[in-house]
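Peer 1: The following block contains the structure, expressed as structure tokens.
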2 protein chains.
Amino acid sequence: MGIPTGATVVYDDGTEETFEDVSLAEARADEGRVEYRYAYAADLLPGEPAGETGMWRYRALLPLEEGPIHYPLPVGGTPLVAAPGLRNRLQMPHLWVKDETRGPTGSNKDRATAMVLEHAMRAGAQTVSCASTGNVAVSLAVGAAAAGLRAVIFVPEQVAESKLALMRLAGATVLKVREGYDAAMRFSRRAAREFGWFDRNTGYNPATLEAKKTVAFEIWEQLGRRVPDVVVSPIGDGVTLSALAKGFRELVACGVTTGVPRIIGVQAEGCQPVKLAWERGGQVEPVEPKTIADGIAVGQPLSGAAVLRDVRDSGGAFVAVSDDAMVRAIGTLAASAGILAEPAGAAAMAGLEVALEAGLVSRDERVVVLATGTVLKNPIFPELPGAVHTVHADLDELRRALGV
Amino acid sequence: MGIPTGATVVYDDGTEETFEDVSLAEARADEGRVEYRYAYAADLLPGEPAGETGMWRYRALLPLEEGPIHYPLPVGGTPLVAAPGLRNRLQMPHLWVKDETRGPTGSNKDRATAMVLEHAMRAGAQTVSCASTGNVAVSLAVGAAAAGLRAVIFVPEQVAESKLALMRLAGATVLKVREGYDAAMRFSRRAAREFGWFDRNTGYNPATLEAKKTVAFEIWEQLGRRVPDVVVSPIGDGVTLSALAKGFRELVACGVTTGVPRIIGVQAEGCQPVKLAWERGGQVEPVEPKTIADGIAVGQPLSGAAVLRDVRDSGGAFVAVSDDAMVRAIGTLAASAGILAEPAGAAAMAGLEVALEAGLVSRDERVVVLATGTVLKNPIFPELPGAVHTVHADLDELRRALGV
């Protein structure tokens with residue numbers, strides 16, 4: 001099983017030679033290309049796929065009638081990464097990163113987009129719409145293109161050019177609203193009603209919460225059908241955290257687990273309305289966001305009250321992280337776990353380090369950190385940990401450069 | 001199954017109200033957040049996962065002894081996308097795109113990296129190395145970070161800053177070699193021998209071909225255990241195409257299919273040594289690459305002779321595509337299929353249009369186009385198809401902007 005029974009060397013001049021002894025072929029790797037052979041048989045190939053994959057695997061717990069899935073981009077089923085380097089670095093043997101940067105547009109928003117567009121396709125909609133400044137807009141533009149629908153997207157006039165380019169690349173119609181983001185959000189909802197468009201706005205469309213709760217189901221299944229002790233999640237509008245909490249509560253409701261993980265909610269120091277409400281013991285009051293982490297720069301979170309309750313009910317807590325700490329966490333995730341996250345996407349990683357310091361999490365617990373969005377769309381880099389040397393093709397020069 | 005049995009509205013002030021009639025709850029979406037409820041039961045959740053997922057699903061046909069997989073980043077299992085918009089646009093009802101932009105670093109190189117690093121981890125290696133100018137280097141840097149290994153990467157002095165930043169972000173040691181890419185490749189192999197590093201160089205390490213052949217297995221399985229009529233693949237060093245051909249031949253060897261698809265090989269007009277050799281009927285002669293598609297700008301392809309034979313044996317053909325056609329194909333993939341590909345990654349899409357014109361492929365055939373790498377790492381954009389309007393939050397102004 002899985003061991004080559006022989007190998008053919010295809011030499012650079014196009015001739016071939018076949019060896020029963022694989023090592024003899026491998027010794028010729030400088031002269032051509034080594035191709036392995038196996039004891040071929042049909043049973044070497046896996047059987048039929050076992051039903052749905054990705055997010056639709058949990059469709060019995062999604063607001064979706066029976067019938068085939070129409071949305072063509074696979075979403076969900078993102079990796080739960082147990083990176084040896086990261087575990088060593090933090091001395092946490094039971095640490096995982098749930099890598100939500102692996103969606104079609106590199107963000108956990110892709111789950112909500114898939115759910116809304118599946119509804120839109122079943123309803124025979126022609127046009128879908130939303131207001132957004134970033135990841136939601138790109139996700140909807142790309143998802144609509146895949147679904148063969150028109151996307152109408154409302155953005156504030158100061159939208160980032162790199163994200164605007166991706167929306168347009170996917171063929172979206174983009175409306176810059178002069179009055180800014182809050183007005184764009186209200187206006188987009190009004191326009192959707194006026195023109196009969198399908199409205200994707202997170203927080204208003206309950207399907208977005210349903211879609212994002214599948215993250216909890218996947219974590220449970222990927223851990224061998226058990227829940228972790230702690231989950232660390234960033235908070236922007238709060239839907240990501242709140243959906244996670246709902247997913248874990250539903251696992252309890254299904255009778256497959258008895259408790260939910262403690263949830264640590266992470267906000268940026270420059271935008272922490274929910275954490276401040278938690279500390280004051282009052283309601284969430286709006287703040288003016290001041291952070292580089294645009295993905296969580298939400299001064300008036302739609303789900304603020306729900307997040308307070310979800311975290312309290314889980315026995316969790318809130319922490320805030322500086323912009324510098326998020327930028328360092330980008331480096332930690334990349335260089336210790338091979339995960340490329342943007343500032344908001346690395347916020348939970350930064351938050352875990354604060355929570356460890358504060359004694360909110362202990363190093364031997366089973367902990368899952370959420371990485372929510374890719375740095376590739378939003379290239380804010382830390383001081384780069386790797387080294388660059390310029391050399392001639394000379395071994396002695398290389399030795400000096402490497403210090404060996 | 002999958003239909004909510006009730007819903008709770010969590011109002012903006014934190015209070016809640018539960019409705020048995022879901023539509024009554026949905027009518028309150030403006031006042032708070034709607035949370036669906038289901039008839040919870042353990043059998044709503046899927047059973048245990050069915051063995052390996054992704055590339056390792058085919059490990060019985062990979063050079064890998066038994067035992068657990070150590071490499072922590074899931075690779076392979078990329079989507080085969082049947083985009084309604086793209087099918088309509090090209091009038092090809094049986095067209096799919098195999099979306100290899102969905103790897104950990106957005107490239108089909110991630111398969112080869114995973115295979116080599118699995119070998120390296122099992123061998124107890126400390127350091128892995130390669131020479132590359134782009135996707136291979138980023139893939140190895142990120143993969144090594146995830147595996148807890150050190151990456152030493154040799155690049156030409158003129159390496160793209162955006163890709164260099166990603167290598168360093170992942171903590172790699174990068175050596176700029178003054179003598180250029182070919183020297184960097186030879187020097188990296190020499191240094192790997194000298195220092196006992198694990199050598200990932202594609203073409204030399206046969207594991208890279210083995211890893212990439214799993215694309216063929218996945219296409220076959222995703223099409224319901226049958227092979228398509230035609231597969232369209234870009235050609236850089238040729239390993240991607242050659243591995244695809246080997247994968248399909250192995251399906252025949254396993255007795256699960258009787259024929260292989262015709263393979264259309266696509267090169268850039270500014271770098272088409274294999275296509276020229278095909279037309280001349282001779283050997284592959286080196287050329288000086290002149291194309292924006294850095295991923296396939298290989299003037300002296302390592303697997304050129306193998307590619308000629310693979311395409312001939314499949315009954316396929318070669319086409320060349322202009323830089324402009326690749327840039328247009330980026331737009332086609334994004335706006336009709338929701339797939340974000342770089343120029344080399346969109347080359348096969350451009351090649352399909354040329355092959356249709358030339359009568360090499362007919363529109364009713366079952367055709368799979370390979371998209372090999374993401375545009376997010378390499379943002380070369382076409383004339384953007386989407387529209388941008390700037391408006392006040394005013395419905396009449398919006399109507400004028402949209403022309404409705």
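Just so we're on the same page: first chain in the structure tokens is A, next is B, and so on; residues restart at 1 for each chain, and ligands are numbered from 1 in the order they show up.
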Select from range 18-209 of chain B everything DSSP, run on the backbone, classes as strand (DSSP E), then give the selection as an mmCIF file with N, CA and C atoms, in the first residue's frame.

Peer 2:
data_model
loop_
_atom_site.group_PDB
_atom_site.id
_atom_site.type_symbol
_atom_site.label_atom_id
_atom_site.label_comp_id
_atom_site.auth_asym_id
_atom_site.auth_seq_id
_atom_site.Cartn_x
_atom_site.Cartn_y
_atom_site.Cartn_z
ATOM 1 N N THR B 18 -39.689 34.657 21.429
ATOM 2 C CA THR B 18 -39.627 33.429 20.639
ATOM 3 C C THR B 18 -40.941 33.203 19.897
ATOM 4 N N PHE B 19 -40.826 32.798 18.647
ATOM 5 C CA PHE B 19 -42.001 32.576 17.794
ATOM 6 C C PHE B 19 -41.988 31.146 17.270
ATOM 7 N N GLY B 32 -34.092 43.593 15.435
ATOM 8 C CA GLY B 32 -33.096 42.799 16.161
ATOM 9 C C GLY B 32 -32.579 41.672 15.285
ATOM 10 N N ARG B 33 -32.098 40.644 15.940
ATOM 11 C CA ARG B 33 -31.463 39.563 15.210
ATOM 12 C C ARG B 33 -32.329 38.319 15.325
ATOM 13 N N VAL B 34 -32.583 37.672 14.204
ATOM 14 C CA VAL B 34 -33.427 36.480 14.187
ATOM 15 C C VAL B 34 -32.548 35.236 14.328
ATOM 16 N N GLU B 35 -32.886 34.388 15.325
ATOM 17 C CA GLU B 35 -32.148 33.127 15.507
ATOM 18 C C GLU B 35 -33.097 31.955 15.303
ATOM 19 N N TYR B 36 -32.778 31.094 14.359
ATOM 20 C CA TYR B 36 -33.644 29.941 14.098
ATOM 21 C C TYR B 36 -33.456 28.849 15.150
ATOM 22 N N ARG B 37 -34.510 28.056 15.352
ATOM 23 C CA ARG B 37 -34.444 26.853 16.193
ATOM 24 C C ARG B 37 -34.822 25.663 15.342
ATOM 25 N N LEU B 80 -13.953 21.513 -7.908
ATOM 26 C CA LEU B 80 -14.199 21.456 -9.353
ATOM 27 C C LEU B 80 -15.465 22.286 -9.558
ATOM 28 N N VAL B 81 -15.287 23.489 -10.094
ATOM 29 C CA VAL B 81 -16.373 24.470 -10.100
ATOM 30 C C VAL B 81 -17.138 24.426 -11.428
ATOM 31 N N LEU B 95 -18.703 22.255 -18.840
ATOM 32 C CA LEU B 95 -17.401 22.863 -18.552
ATOM 33 C C LEU B 95 -17.211 22.991 -17.041
ATOM 34 N N TRP B 96 -16.008 22.658 -16.567
ATOM 35 C CA TRP B 96 -15.654 22.831 -15.163
ATOM 36 C C TRP B 96 -14.293 23.539 -15.050
ATOM 37 N N VAL B 97 -14.094 24.219 -13.939
ATOM 38 C CA VAL B 97 -12.767 24.763 -13.627
ATOM 39 C C VAL B 97 -12.252 24.061 -12.373
ATOM 40 N N LYS B 98 -11.089 23.434 -12.468
ATOM 41 C CA LYS B 98 -10.452 22.836 -11.292
ATOM 42 C C LYS B 98 -9.667 23.948 -10.619
ATOM 43 N N ASP B 99 -10.142 24.368 -9.434
ATOM 44 C CA ASP B 99 -9.651 25.606 -8.825
ATOM 45 C C ASP B 99 -8.501 25.348 -7.862
ATOM 46 N N THR B 127 15.983 21.144 7.955
ATOM 47 C CA THR B 127 15.990 22.243 6.991
ATOM 48 C C THR B 127 15.563 21.722 5.624
ATOM 49 N N VAL B 128 14.695 22.488 4.942
ATOM 50 C CA VAL B 128 14.325 22.167 3.566
ATOM 51 C C VAL B 128 14.739 23.343 2.692
ATOM 52 N N SER B 129 15.008 23.066 1.403
ATOM 53 C CA SER B 129 15.511 24.135 0.556
ATOM 54 C C SER B 129 15.011 23.986 -0.867
ATOM 55 N N CYS B 130 15.048 25.091 -1.604
ATOM 56 C CA CYS B 130 14.704 25.065 -3.024
ATOM 57 C C CYS B 130 15.215 26.353 -3.660
ATOM 58 N N ALA B 131 15.169 26.384 -4.998
ATOM 59 C CA ALA B 131 15.357 27.632 -5.732
ATOM 60 C C ALA B 131 14.048 27.927 -6.439
ATOM 61 N N ARG B 150 13.013 24.609 9.124
ATOM 62 C CA ARG B 150 13.645 25.807 8.595
ATOM 63 C C ARG B 150 13.637 25.739 7.073
ATOM 64 N N ALA B 151 13.305 26.860 6.417
ATOM 65 C CA ALA B 151 13.342 26.920 4.955
ATOM 66 C C ALA B 151 14.492 27.808 4.517
ATOM 67 N N VAL B 152 15.325 27.289 3.589
ATOM 68 C CA VAL B 152 16.381 28.088 2.964
ATOM 69 C C VAL B 152 16.054 28.171 1.480
ATOM 70 N N ILE B 153 15.838 29.400 1.000
ATOM 71 C CA ILE B 153 15.305 29.590 -0.350
ATOM 72 C C ILE B 153 16.251 30.450 -1.174
ATOM 73 N N PHE B 154 16.598 29.954 -2.358
ATOM 74 C CA PHE B 154 17.499 30.662 -3.267
ATOM 75 C C PHE B 154 16.672 31.338 -4.348
ATOM 76 N N VAL B 155 16.872 32.641 -4.500
ATOM 77 C CA VAL B 155 16.091 33.394 -5.486
ATOM 78 C C VAL B 155 17.051 34.227 -6.336
ATOM 79 N N PRO B 156 16.634 34.606 -7.553
ATOM 80 C CA PRO B 156 17.438 35.563 -8.313
ATOM 81 C C PRO B 156 17.354 36.929 -7.628
ATOM 82 N N THR B 173 14.759 31.810 5.467
ATOM 83 C CA THR B 173 16.052 32.413 5.156
ATOM 84 C C THR B 173 16.165 32.467 3.636
ATOM 85 N N VAL B 174 16.301 33.688 3.099
ATOM 86 C CA VAL B 174 16.296 33.863 1.643
ATOM 87 C C VAL B 174 17.690 34.274 1.174
ATOM 88 N N LEU B 175 18.212 33.589 0.176
ATOM 89 C CA LEU B 175 19.503 33.916 -0.427
ATOM 90 C C LEU B 175 19.269 34.459 -1.824
ATOM 91 N N LYS B 176 19.575 35.734 -2.021
ATOM 92 C CA LYS B 176 19.536 36.282 -3.377
ATOM 93 C C LYS B 176 20.846 35.927 -4.061
ATOM 94 N N VAL B 177 20.754 35.255 -5.196
ATOM 95 C CA VAL B 177 21.962 34.824 -5.904
ATOM 96 C C VAL B 177 22.211 35.781 -7.075
ATOM 97 N N PHE B 198 17.050 18.978 2.908
ATOM 98 C CA PHE B 198 16.050 18.274 2.106
ATOM 99 C C PHE B 198 15.701 19.146 0.897
ATOM 100 N N ASP B 199 15.849 18.613 -0.343
ATOM 101 C CA ASP B 199 15.756 19.409 -1.569
ATOM 102 C C ASP B 199 14.368 19.290 -2.187
#

Peer 1: For Ala306 in chain A, please output as a PyMOL selection string all residues within 10 Å (counting only C-alpha atoms; exclusion window: fewer than 3 positions along the same chain).

Peer 2: (chain A and resi 238-239+241-243+245+301-303+309-312) or (chain B and resi 10-15+33)

Peer 1: Fewer than 5 positions away in the same chain doesn't count, so skip those; otherwise give me all residues within 12 Å of Gly282 in chain A, counting only C-alpha atoms, as a PDB file with C-alpha atoms, in the first residue's frame.

Peer 2:
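The resulting out.pdb:
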ATOM      1  CA  PRO A 273     -17.119  48.980  22.829  1.00  0.00           C
ATOM      2  CA  VAL A 274     -18.142  45.458  23.935  1.00  0.00           C
ATOM      3  CA  LYS A 275     -15.173  44.969  26.244  1.00  0.00           C
ATOM      4  CA  LEU A 276     -15.834  48.389  27.842  1.00  0.00           C
ATOM      5  CA  ALA A 277     -19.492  47.472  28.393  1.00  0.00           C
ATOM      6  CA  GLY A 304     -23.041  43.708  20.833  1.00  0.00           C
ATOM      7  CA  ALA A 305     -25.721  42.746  23.371  1.00  0.00           C
ATOM      8  CA  LEU A 308     -22.007  40.121  25.975  1.00  0.00           C
ATOM      9  CA  ARG A 309     -24.549  37.454  26.867  1.00  0.00           C
TER      10      ARG A 309
ATOM     11  CA  ASP B  13     -32.060  46.329  23.558  1.00  0.00           C
ATOM     12  CA  GLY B  14     -31.079  42.783  24.574  1.00  0.00           C
TER      13      GLY B  14
END

Peer 1: Fewer than 3 positions away in the same chain doesn't count, so skip those; otherwise give me all residues within 7 Å of range 65-75 of chain B, counting only C-alpha atoms, as a list in words.

Peer 2: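 Within the cut-off, the hits are Gly2, Ile3, Pro79, Val81, Ala82 and Ala83 of chain A; Gly54, Met55, Gly103, Pro104, Asp110, Arg111, Ala114, Leu117, Glu118, Met121, Ala146 and Ala147 of chain B.
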
Peer 1: I'd like the contact shell of Ala344 in chain B - 6 Å cut-off, only C-alpha atoms, skipping same-chain residues fewer than 6 positions apart - returned as a PyMOL selection string.

Peer 2: chain B and resi 293+295-296

Peer 1: Those same residues, written as a PDB file, in the first residue's frame with C-alpha atoms?

Peer 2:
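Contents of result.pdb, freshly written:
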ATOM      1  CA  ALA B 293       2.867  35.346 -16.674  1.00  0.00           C
ATOM      2  CA  GLY B 295       4.394  31.352 -13.284  1.00  0.00           C
ATOM      3  CA  ILE B 296       4.895  29.878 -16.778  1.00  0.00           C
TER       4      ILE B 296
END

Peer 1: Within 10 Å of Ala41 in chain A, counting only C-alpha atoms, which residues qualify if same-chain residues fewer than 2 places away don't, as a ChimeraX atom specification?

Peer 2: /A:38-39,43-45 /B:61,250-256

Peer 1: Run DSSP on the backbone and grab whatever in range 19-59 of chain A lands in helix (DSSP H, G or I); send it over as JSON, numbers by chain.

Peer 2: {"A": [22, 23, 24, 25, 26, 42, 43, 44, 54, 55, 56, 57, 58, 59]}

Peer 1: In Å, rounded to a single decimal, give me how far CA of Gly106 in chain A is from CA of Glu26 in chain B.

Peer 2: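 Between these atoms lies a distance of 29.7 Å.
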
Peer 1: Would you kindly return, as a ChimeraX atom specification, each protein, DNA or RNA residue with an atom no farther than 12 Å from any atom of range 387-395 of chain B, considering only C-alpha atoms and excluding same-chain residues fewer than 5 positions away?

Peer 2: /A:141,150-159,161,164-195 /B:400-404

Peer 1: What's the separation between CA of Pro261 in chain A and CA of Arg226 in chain A, in Å to one decimal place?

Peer 2: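 Value for the CA of Pro261 in chain A-CA of Arg226 in chain A distance: 10.2 Å.
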
Peer 1: One decimal, in Å: what's the spacing between CA of Asn135 in chain B and CA of Asn108 in chain B?

Peer 2: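 Those two atoms sit 8.8 Å apart.
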
Peer 1: With only C-alpha atoms as the basis for distance, which of B:Pro228, B:Gly338, B:Gly77, B:Gly259 is at the shortest distance from chain A?

Peer 2: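 Checking each of B:Pro228, B:Gly338, B:Gly77, B:Gly259 against chain A, counting only C-alpha atoms, the winner is B:Gly338.
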
Peer 1: Which of these residues is nearest to chain A, using only C-alpha atoms: B:Val138, B:Leu376, B:Ala207, B:Ala371?

Peer 2: B:Leu376

Peer 1: Of the candidates A:Gly331, A:Ser132, A:Arg59, A:Ala144, which one gets nearest to Pro84 in chain B if we count only C-alpha atoms?

Peer 2: A:Ala144
